[in-house]
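Text of the file coords-v1.txt, holding compact mmCIF, C-alpha atoms:
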# COMPACT_ATOMS: atom_id res chain seq x y z
CA MET A 1 71.03 108.13 89.39
CA ARG A 2 73.58 110.80 90.17
CA ALA A 3 76.26 110.79 92.86
CA VAL A 4 79.08 112.96 94.14
CA GLY A 5 82.27 110.96 94.58
CA ILE A 6 85.03 112.16 96.90
CA ASP A 7 88.60 110.90 96.74
CA GLY A 8 90.27 112.23 99.86
CA GLY A 9 94.02 112.01 100.27
CA GLY A 10 96.68 113.38 102.54
CA THR A 11 97.37 116.51 100.45
CA HIS A 12 94.34 117.16 98.25
CA THR A 13 90.67 116.19 97.83
CA ARG A 14 89.03 115.46 94.49
CA PHE A 15 85.27 115.70 93.87
CA VAL A 16 83.40 114.32 90.87
CA LEU A 17 79.75 114.40 89.85
CA TYR A 18 78.88 111.12 88.16
CA ASP A 19 75.65 110.24 86.36
CA GLU A 20 74.91 106.61 85.51
CA LYS A 21 73.63 107.55 82.04
CA ASP A 22 75.84 110.51 81.14
CA GLY A 23 79.07 109.67 82.96
CA ILE A 24 81.23 112.39 84.52
CA LEU A 25 79.40 115.72 84.57
CA ASN A 26 81.84 117.82 86.57
CA SER A 27 84.99 117.58 88.67
CA VAL A 28 86.70 119.80 91.23
CA GLU A 29 89.98 119.47 93.12
CA ILE A 30 90.75 121.30 96.35
CA ASN A 31 94.32 121.49 97.64
CA SER A 32 93.47 120.47 101.16
CA SER A 33 93.74 117.17 103.00
CA SER A 34 90.57 115.32 103.99
CA ASN A 35 92.37 113.23 106.60
CA TYR A 36 90.97 114.61 109.84
CA HIS A 37 93.89 113.10 111.76
CA LEU A 38 96.10 115.61 109.93
CA VAL A 39 93.98 118.74 109.64
CA GLY A 40 91.10 118.29 112.10
CA ALA A 41 87.39 117.62 111.59
CA LYS A 42 86.50 121.32 111.19
CA LYS A 43 88.82 121.73 108.19
CA VAL A 44 87.55 118.52 106.58
CA LYS A 45 83.96 119.75 107.02
CA GLU A 46 84.83 123.03 105.27
CA THR A 47 86.53 121.16 102.42
CA PHE A 48 83.58 118.80 101.91
CA GLU A 49 81.05 121.61 102.05
CA GLU A 50 82.92 123.68 99.47
CA GLY A 51 83.73 120.76 97.14
CA ILE A 52 80.22 119.29 97.10
CA LYS A 53 78.69 122.71 96.48
CA ARG A 54 81.05 123.53 93.62
CA VAL A 55 80.91 120.16 91.85
CA SER A 56 77.10 119.84 91.99
CA MET A 57 76.21 123.46 91.22
CA GLY A 58 73.43 123.51 88.62
CA PHE A 59 73.00 119.74 88.66
CA GLY A 60 71.89 118.26 91.98
CA PHE A 61 72.63 114.73 93.21
CA ASP A 62 71.06 111.76 94.98
CA THR A 63 73.88 110.50 97.17
CA VAL A 64 77.53 111.04 98.14
CA GLY A 65 80.34 108.51 98.34
CA ALA A 66 83.70 109.14 99.97
CA GLY A 67 86.93 107.16 99.94
CA LEU A 68 89.17 108.67 102.58
CA SER A 69 92.68 108.02 103.83
CA GLY A 70 92.82 107.46 107.57
CA VAL A 71 89.25 106.14 107.80
CA ASP A 72 89.49 102.48 108.79
CA ARG A 73 87.98 102.14 112.26
CA PRO A 74 84.37 102.63 113.45
CA ALA A 75 85.48 105.70 115.43
CA ASP A 76 86.86 107.30 112.24
CA LYS A 77 83.64 106.63 110.34
CA LYS A 78 81.60 108.12 113.19
CA VAL A 79 83.50 111.40 112.78
CA MET A 80 82.76 111.38 109.04
CA PHE A 81 79.08 110.55 109.62
CA GLU A 82 78.77 113.59 111.87
CA ILE A 83 80.48 115.83 109.28
CA PHE A 84 78.11 114.79 106.49
CA GLU A 85 75.07 115.19 108.71
CA GLU A 86 76.21 118.68 109.77
CA ILE A 87 76.57 119.83 106.16
CA GLY A 88 73.12 118.47 105.28
CA VAL A 89 74.01 115.41 103.19
CA LYS A 90 71.26 112.88 103.90
CA ASP A 91 72.47 109.85 102.00
CA PHE A 92 76.14 108.86 101.91
CA ALA A 93 78.55 105.93 101.93
CA ILE A 94 82.05 106.03 103.44
CA SER A 95 85.08 103.75 103.13
CA ASN A 96 88.85 104.00 102.99
CA ASP A 97 90.35 105.11 99.69
CA GLY A 98 91.52 101.59 98.81
CA ILE A 99 87.92 100.38 98.52
CA THR A 100 86.88 103.26 96.27
CA ALA A 101 89.95 102.73 94.09
CA LEU A 102 88.78 99.12 93.66
CA TRP A 103 85.29 100.28 92.77
CA GLY A 104 86.68 102.64 90.15
CA ALA A 105 89.06 100.12 88.63
CA THR A 106 86.90 96.98 88.52
CA GLY A 107 83.35 98.12 89.20
CA GLY A 108 83.41 96.91 92.78
CA VAL A 109 84.19 93.21 92.46
CA GLY A 110 87.72 91.86 92.00
CA VAL A 111 91.21 92.45 93.33
CA LEU A 112 93.26 95.64 93.18
CA MET A 113 96.98 96.19 93.76
CA ILE A 114 97.98 99.65 94.93
CA ALA A 115 101.66 100.53 94.48
CA GLY A 116 102.73 104.02 95.44
CA THR A 117 104.95 105.02 98.33
CA GLY A 118 103.58 101.91 100.05
CA SER A 119 101.59 98.99 98.72
CA LEU A 120 98.35 97.17 99.40
CA VAL A 121 96.29 94.40 97.83
CA ILE A 122 92.55 94.66 98.39
CA GLY A 123 89.66 92.54 97.16
CA ARG A 124 85.86 92.59 97.27
CA ASN A 125 83.46 89.85 96.25
CA SER A 126 79.84 90.06 95.06
CA ASP A 127 78.59 89.58 98.64
CA GLY A 128 80.36 92.78 99.63
CA GLU A 129 83.04 91.03 101.69
CA VAL A 130 86.33 92.94 101.70
CA HIS A 131 89.73 91.34 102.27
CA ARG A 132 93.22 92.82 102.14
CA ALA A 133 96.90 92.02 102.47
CA GLY A 134 99.77 94.40 103.12
CA GLY A 135 99.52 98.10 103.73
CA TRP A 136 101.04 97.89 107.19
CA GLY A 137 103.37 100.86 106.78
CA TYR A 138 106.96 101.49 105.71
CA MET A 139 108.43 99.92 108.87
CA PHE A 140 107.22 96.57 107.56
CA ASP A 141 107.76 95.01 104.14
CA GLU A 142 105.25 96.66 101.81
CA TYR A 143 106.37 94.62 98.82
CA CYS A 144 106.39 96.58 95.56
CA GLY A 145 105.89 99.91 97.31
CA GLY A 146 108.21 102.76 96.39
CA PHE A 147 109.82 102.90 99.82
CA TRP A 148 110.39 99.13 99.76
CA PHE A 149 112.12 99.24 96.35
CA SER A 150 114.29 102.21 97.33
CA ASN A 151 115.20 100.67 100.66
CA ARG A 152 116.15 97.38 99.01
CA ALA A 153 118.36 99.31 96.61
CA ALA A 154 120.04 101.14 99.50
CA VAL A 155 120.70 97.87 101.35
CA ALA A 156 122.19 96.34 98.20
CA ALA A 157 124.42 99.38 97.67
CA LEU A 158 125.68 99.31 101.26
CA GLU A 159 126.31 95.57 101.13
CA ASN A 160 128.37 96.13 98.00
CA ARG A 161 130.29 98.90 99.79
CA ASP A 162 130.99 96.49 102.69
CA GLY A 163 132.22 93.78 100.35
CA ILE A 164 129.43 91.33 101.20
CA GLY A 165 127.21 92.03 98.20
CA PRO A 166 127.64 91.92 94.41
CA GLU A 167 128.50 94.83 92.17
CA THR A 168 125.45 96.88 91.19
CA THR A 169 124.92 100.04 89.20
CA LEU A 170 122.36 101.02 91.84
CA ARG A 171 125.19 102.18 94.12
CA GLN A 172 126.31 105.03 91.86
CA ARG A 173 122.77 105.81 90.75
CA LEU A 174 121.70 106.37 94.36
CA VAL A 175 124.72 108.60 95.04
CA GLU A 176 123.83 110.76 92.04
CA PHE A 177 120.07 110.73 92.65
CA TYR A 178 120.29 111.86 96.27
CA ASN A 179 123.25 114.18 95.54
CA LEU A 180 125.57 112.39 97.97
CA ASN A 181 129.37 112.48 98.10
CA SER A 182 129.48 108.73 98.71
CA ILE A 183 127.04 105.90 99.40
CA GLU A 184 127.89 106.06 103.10
CA GLU A 185 126.02 109.37 103.32
CA ILE A 186 122.73 107.64 102.49
CA ILE A 187 122.27 106.93 106.20
CA TYR A 188 121.58 110.63 106.78
CA LEU A 189 118.40 110.27 104.73
CA TYR A 190 117.18 107.79 107.31
CA TYR A 191 118.52 109.20 110.58
CA SER A 192 118.93 112.95 110.20
CA ASN A 193 116.47 114.22 107.61
CA PHE A 194 113.99 111.40 107.19
CA GLU A 195 111.40 111.94 104.48
CA LYS A 196 109.59 108.77 103.48
CA SER A 197 108.47 110.15 100.12
CA LYS A 198 111.99 111.36 99.26
CA ILE A 199 113.45 107.91 99.89
CA ALA A 200 110.60 106.26 97.98
CA SER A 201 111.17 108.47 94.93
CA ALA A 202 114.29 106.46 94.07
CA ALA A 203 112.19 103.40 93.18
CA LYS A 204 112.34 104.38 89.51
CA LEU A 205 116.11 103.79 89.57
CA VAL A 206 115.50 100.11 90.35
CA PHE A 207 113.26 99.79 87.29
CA GLU A 208 115.69 101.69 85.07
CA GLU A 209 118.64 99.55 86.10
CA ALA A 210 116.63 96.34 85.90
CA LEU A 211 115.73 97.27 82.34
CA LYS A 212 119.49 97.58 81.68
CA LYS A 213 119.93 94.05 83.13
CA ASP A 214 121.66 94.97 86.38
CA LYS A 215 121.38 91.63 88.19
CA VAL A 216 120.72 93.10 91.62
CA ALA A 217 117.96 95.38 90.34
CA VAL A 218 116.40 92.53 88.37
CA GLN A 219 116.39 90.36 91.49
CA ILE A 220 114.80 93.09 93.62
CA VAL A 221 111.94 93.49 91.13
CA LYS A 222 111.54 89.72 90.78
CA TYR A 223 111.36 89.18 94.55
CA GLY A 224 108.91 92.04 95.10
CA ILE A 225 106.54 90.78 92.41
CA GLU A 226 106.73 87.20 93.69
CA LYS A 227 105.71 88.41 97.15
CA SER A 228 102.94 90.57 95.67
CA MET A 229 101.54 87.58 93.80
CA LYS A 230 101.39 85.73 97.13
CA MET A 231 99.41 88.66 98.56
CA ILE A 232 97.03 88.59 95.59
CA GLU A 233 96.60 84.84 96.01
CA ALA A 234 95.77 85.24 99.71
CA VAL A 235 93.16 87.92 99.02
CA GLU A 236 91.71 86.04 96.05
CA LYS A 237 91.23 82.90 98.13
CA ARG A 238 89.56 84.74 100.99
CA CYS A 239 87.20 86.38 98.50
CA GLY A 240 86.30 82.92 97.12
CA PHE A 241 87.07 83.69 93.47
CA ALA A 242 88.58 80.23 92.73
CA GLY A 243 91.14 81.80 90.39
CA ASN A 244 88.56 83.43 88.12
CA PHE A 245 88.55 87.13 88.94
CA ALA A 246 89.21 90.62 87.60
CA PHE A 247 92.48 92.18 88.67
CA SER A 248 93.51 95.79 88.24
CA TYR A 249 96.04 98.27 89.57
CA THR A 250 96.64 101.84 90.64
CA GLY A 251 99.45 103.96 92.06
CA GLY A 252 102.42 105.93 90.79
CA LEU A 253 104.78 102.99 90.33
CA PHE A 254 102.61 101.69 87.50
CA ASN A 255 103.72 104.70 85.45
CA SER A 256 106.83 102.62 84.83
CA GLU A 257 106.17 100.48 81.75
CA TYR A 258 108.82 98.03 82.95
CA PHE A 259 107.14 97.54 86.32
CA LEU A 260 103.67 97.28 84.78
CA GLU A 261 104.83 94.65 82.28
CA LYS A 262 106.56 92.61 84.99
CA VAL A 263 103.41 92.66 87.14
CA LYS A 264 101.35 91.58 84.12
CA GLU A 265 103.78 88.76 83.46
CA GLY A 266 103.73 87.63 87.10
CA PHE A 267 99.93 87.77 87.22
CA ARG A 268 99.41 85.75 84.06
CA ASN A 269 101.83 83.08 85.24
CA SER A 270 100.20 82.89 88.68
CA PHE A 271 96.54 83.24 87.71
CA PRO A 272 95.91 81.81 84.22
CA LYS A 273 92.12 82.12 84.65
CA GLY A 274 92.32 85.68 85.99
CA ARG A 275 91.59 88.79 83.92
CA PHE A 276 94.17 91.59 84.00
CA ILE A 277 92.29 94.79 83.22
CA ILE A 278 93.19 98.44 82.80
CA PRO A 279 91.48 100.50 85.54
CA LYS A 280 88.27 101.97 84.14
CA PHE A 281 87.98 104.91 86.54
CA GLY A 282 89.84 106.49 89.42
CA ALA A 283 88.89 106.41 93.09
CA ASP A 284 86.70 109.54 92.76
CA VAL A 285 84.28 107.87 90.33
CA GLY A 286 84.73 104.68 92.34
CA ALA A 287 83.36 106.53 95.40
CA ALA A 288 80.33 107.60 93.37
CA LEU A 289 79.73 104.03 92.16
CA MET A 290 80.01 102.75 95.73
CA ALA A 291 77.44 105.31 96.89
CA ILE A 292 75.00 104.40 94.12
CA ASP A 293 75.30 100.72 95.02
CA SER A 294 74.77 101.52 98.70
CA TRP A 295 71.72 103.70 97.91
CA ARG A 296 70.07 100.91 95.93
CA LYS A 297 70.64 98.34 98.66
CA LYS A 298 69.17 100.65 101.30
CA HIS A 299 66.05 101.28 99.23
CA GLU A 300 65.63 97.62 98.37
CA LYS A 301 65.50 96.85 102.10
CA VAL A 302 62.86 99.55 102.59
CA ARG A 303 60.66 97.91 99.96
Mind turning the file's structure into structure tokens?
Amino acid sequence: MRAVGIDGGGTHTRFVLYDEKDGILNSVEINSSSNYHLVGAKKVKETFEEGIKRVSMGFGFDTVGAGLSGVDRPADKKVMFEIFEEIGVKDFAISNDGITALWGATGGVGVLMIAGTGSLVIGRNSDGEVHRAGGWGYMFDEYCGGFWFSNRAAVAALENRDGIGPETTLRQRLVEFYNLNSIEEIIYLYYSNFEKSKIASAAKLVFEEALKKDKVAVQIVKYGIEKSMKMIEAVEKRCGFAGNFAFSYTGGLFNSEYFLEKVKEGFRNSFPKGRFIIPKFGADVGAALMAIDSWRKKHEKVR
């Protein structure tokens, strides 16, 4: 069976043609968002039509799967259903991009931790039940998200400036990283020229200083991972895995070897029966795998 997988984000949309026997046959990336809340349904329709046509040219396909940011409610899925029907796609499966990332990483069953600007833990069991923890946005504690790490570092630096917190190398690192004259100026990043991604980009400083044994940075990482393990535990229990499950990861923060190793360490201590696995595929192939699974279940019911 052959499926088109779509990984739709806030800035670009990736398409892949995946064959169960031959693997990835083709891939295309279009620099356009597929979040209709940002660009409108008409633009998303144009992006899907172009991407599906280009990626499947000369091959053909049986079904389409899409993992899309901003698609969580029935009303959102209804908009996507209408788009696929208008462009002539007869068989398709739609979910948010967290679900398709899980499909790509673990094959559809297990628990996935996403750590980018924000963070989310999501799980799916063999009955198709999906459970999640976190992912509530930067205004709340998205433990082990880039914004969370950077914000914790800023708080620690300001507490040190006020004389109520310990010395930390993070203070000077933040001044240099954001090109400030002093740590006091960091407030302008929050109140005058707020850019969530710009603040979140300083997360790597926490890992670098923790690796150098800065006590404050070490404690920030330790606390974030402890909270993340609690999130994994909550999702794992709701999925009914009884401690024996596949766990994987995705997101830019895992490019840090230090962070990845600390998460591995925390996972093995917390879940001795769990299996920590390297993600097999990305969310694009995950979307294709989800669609193939959905197609089979539909046709089994018909029989």
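Shown here are all protein and nucleic acid residues lying within 12 Å of (74.7, 115.3, 103.8), with all atoms listed in the file considered: Ala3, Val4, Lys45, Phe48, Glu49, Ile52, Lys53, Phe61, Asp62, Thr63, Val64, Gly65, Ala66, Met80, Phe81, Glu82, Ile83, Phe84, Glu85, Glu86, Ile87, Gly88, Val89, Lys90, Asp91, Phe92, Ala93 and Ile94 of chain A.
Of note, CA of Ile187 in chain A and CA of Ile164 in chain A are spaced 17.9 Å apart.
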At a cut-off of 10 Å, using only C-alpha atoms, what residues contact Val216 in chain A? Leave out same-chain residues fewer than 4 positions from it and give the result as a CSV table (one decimal) with C-alpha atoms, in the coordinates of the input.
chain,number,residue,atom,x,y,z
A,152,ARG,CA,116.2,97.4,99.0
A,153,ALA,CA,118.4,99.3,96.6
A,156,ALA,CA,122.2,96.3,98.2
A,157,ALA,CA,124.4,99.4,97.7
A,165,GLY,CA,127.2,92.0,98.2
A,166,PRO,CA,127.6,91.9,94.4
A,167,GLU,CA,128.5,94.8,92.2
A,168,THR,CA,125.4,96.9,91.2
A,169,THR,CA,124.9,100.0,89.2
A,170,LEU,CA,122.4,101.0,91.8
A,206,VAL,CA,115.5,100.1,90.4
A,209,GLU,CA,118.6,99.6,86.1
A,210,ALA,CA,116.6,96.3,85.9
A,220,ILE,CA,114.8,93.1,93.6
A,221,VAL,CA,111.9,93.5,91.1
A,222,LYS,CA,111.5,89.7,90.8
With 8 Å as the cut-off and all atoms listed in the file counted, what is the closest atom pair between each nearby residue of range 178-220 of chain A and range 113-121 of chain A? Distances in Å to one decimal, ordered by chain and number, as a Markdown table.
| residue | atom | partner | partner_atom | distance |
| --- | --- | --- | --- | --- |
| A:Lys196 | CA | A:Thr117 | CA | 7.9 |
| A:Ser197 | CA | A:Thr117 | CA | 6.5 |
| A:Ala200 | CA | A:Thr117 | CA | 5.8 |
| A:Ser201 | CA | A:Thr117 | CA | 7.9 |
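Using only C-alpha atoms, the nearest neighbour of Ser95 in chain A within the list A:Glu233, A:Asp127, A:Asp284, A:Glu159 is A:Asp284.
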Practice task
Please write as a ChimeraX atom specification the list of polymer residues whose atoms come within 12 Å of (86.8, 85.0, 91.9), counting all atoms listed in the file and keeping to the coordinates of the file.
Solution key: /A:109-111,123-127,232-247,271,273-275
Please return the centre and edge lengths, in Å to one decimal, of a box with edges along x, y and z that contains all listed atoms of range 152-157 of chain A, widened by 8 Å on every side, as JSON.
{"center_x": 120.3, "center_y": 98.7, "center_z": 99.0, "size_x": 24.3, "size_y": 20.8, "size_z": 20.7}
Handout entry: Spatial neighbours of Glu142 in chain A, 10 Å, only C-alpha atoms, chain gap at least 3 places, as a list in words
Key = Ala115, Thr117, Gly118, Ser119, Leu120, Ala133, Gly134, Gly135, Trp136, Gly137, Tyr138, Met139, Gly145, Gly146, Phe147, Trp148, Phe149, Gly224, Lys227 and Ser228 of chain A
Practice task
Go through A:Tyr258, A:Trp103, A:Trp295, A:Tyr190 and flag the residue nearest Val218 in chain A, using only C-alpha atoms for the distances.
Solution key: A:Tyr258
Within 12 Å of range 28-41 of chain A using all atoms listed in the file, minus same-chain residues under 4 positions, as a compact mmCIF listing (two decimals) with C-alpha atoms, in the frame of the given file:
# COMPACT_ATOMS: atom_id res chain seq x y z
CA VAL A 4 79.08 112.96 94.14
CA GLY A 5 82.27 110.96 94.58
CA ILE A 6 85.03 112.16 96.90
CA ASP A 7 88.60 110.90 96.74
CA GLY A 8 90.27 112.23 99.86
CA GLY A 9 94.02 112.01 100.27
CA GLY A 10 96.68 113.38 102.54
CA THR A 11 97.37 116.51 100.45
CA HIS A 12 94.34 117.16 98.25
CA THR A 13 90.67 116.19 97.83
CA ARG A 14 89.03 115.46 94.49
CA PHE A 15 85.27 115.70 93.87
CA VAL A 16 83.40 114.32 90.87
CA LEU A 17 79.75 114.40 89.85
CA ILE A 24 81.23 112.39 84.52
CA LYS A 45 83.96 119.75 107.02
CA GLU A 46 84.83 123.03 105.27
CA THR A 47 86.53 121.16 102.42
CA PHE A 48 83.58 118.80 101.91
CA GLU A 49 81.05 121.61 102.05
CA GLU A 50 82.92 123.68 99.47
CA GLY A 51 83.73 120.76 97.14
CA ILE A 52 80.22 119.29 97.10
CA LYS A 53 78.69 122.71 96.48
CA ARG A 54 81.05 123.53 93.62
CA VAL A 55 80.91 120.16 91.85
CA SER A 56 77.10 119.84 91.99
CA MET A 57 76.21 123.46 91.22
CA ALA A 66 83.70 109.14 99.97
CA GLY A 67 86.93 107.16 99.94
CA LEU A 68 89.17 108.67 102.58
CA SER A 69 92.68 108.02 103.83
CA GLY A 70 92.82 107.46 107.57
CA VAL A 71 89.25 106.14 107.80
CA ASP A 72 89.49 102.48 108.79
CA ALA A 75 85.48 105.70 115.43
CA ASP A 76 86.86 107.30 112.24
CA LYS A 77 83.64 106.63 110.34
CA LYS A 78 81.60 108.12 113.19
CA VAL A 79 83.50 111.40 112.78
CA MET A 80 82.76 111.38 109.04
CA PHE A 81 79.08 110.55 109.62
CA GLU A 82 78.77 113.59 111.87
CA ILE A 83 80.48 115.83 109.28
CA PHE A 84 78.11 114.79 106.49
CA GLU A 86 76.21 118.68 109.77
CA ASN A 96 88.85 104.00 102.99
CA ASP A 97 90.35 105.11 99.69
CA ASP A 284 86.70 109.54 92.76
If you count only C-alpha atoms, which residues fall within 7 Å of Thr100 in chain A, apart from same-chain ones fewer than 5 positions away, as a CSV table (one decimal) with C-alpha atoms, in the coordinates of the input?
chain,number,residue,atom,x,y,z
A,67,GLY,CA,86.9,107.2,99.9
A,283,ALA,CA,88.9,106.4,93.1
A,286,GLY,CA,84.7,104.7,92.3
A,287,ALA,CA,83.4,106.5,95.4
A,290,MET,CA,80.0,102.8,95.7
Fill in the blank from the handout: A straight line from CA of Arg132 in chain A to CA of Pro272 in chain A spans 21.2 Å
Exercise for the section: Report the distance between CA of Leu158 in chain A and CA of Glu184 in chain A in Å, rounded to one decimal place. Expected result: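 Straight-line distance from CA of Leu158 in chain A to CA of Glu184 in chain A works out to 7.3 Å.
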Practice task
Using all atoms listed in the file, find the one residue out of A:Pro279, A:Gly252, A:Gly163, A:Gly128 that sits nearest to Asp293 in chain A.
Solution key: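 Using all atoms listed in the file, Asp293 in chain A sits closest to A:Gly128.
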Export range 149-177 of chain A from the structure block above, keeping C-alpha atoms, as a compact mmCIF listing (two decimals), in the first residue's frame.
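Result file follows (part08.txt):
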# COMPACT_ATOMS: atom_id res chain seq x y z
CA PHE A 149 14.41 26.66 29.95
CA SER A 150 15.21 30.18 28.76
CA ASN A 151 12.66 31.75 31.08
CA ARG A 152 14.01 29.80 34.05
CA ALA A 153 17.49 31.03 33.18
CA ALA A 154 16.25 34.63 33.00
CA VAL A 155 14.53 34.34 36.40
CA ALA A 156 17.70 32.89 37.93
CA ALA A 157 19.80 35.70 36.45
CA LEU A 158 17.46 38.40 37.76
CA GLU A 159 17.30 36.80 41.20
CA ASN A 160 21.09 36.84 41.28
CA ARG A 161 21.05 40.51 40.26
CA ASP A 162 18.61 41.25 43.12
CA GLY A 163 20.78 39.44 45.64
CA ILE A 164 18.21 36.73 46.38
CA GLY A 165 19.65 34.03 44.15
CA PRO A 166 23.03 32.27 43.84
CA GLU A 167 25.81 33.19 41.46
CA THR A 168 25.36 31.69 38.00
CA THR A 169 27.24 31.94 34.74
CA LEU A 170 23.85 32.11 33.03
CA ARG A 171 23.63 35.82 33.90
CA GLN A 172 26.56 36.88 31.73
CA ARG A 173 25.74 34.31 29.05
CA LEU A 174 22.25 35.78 28.63
CA VAL A 175 23.63 39.33 28.44
CA GLU A 176 26.02 38.28 25.67
CA PHE A 177 23.52 36.06 23.84
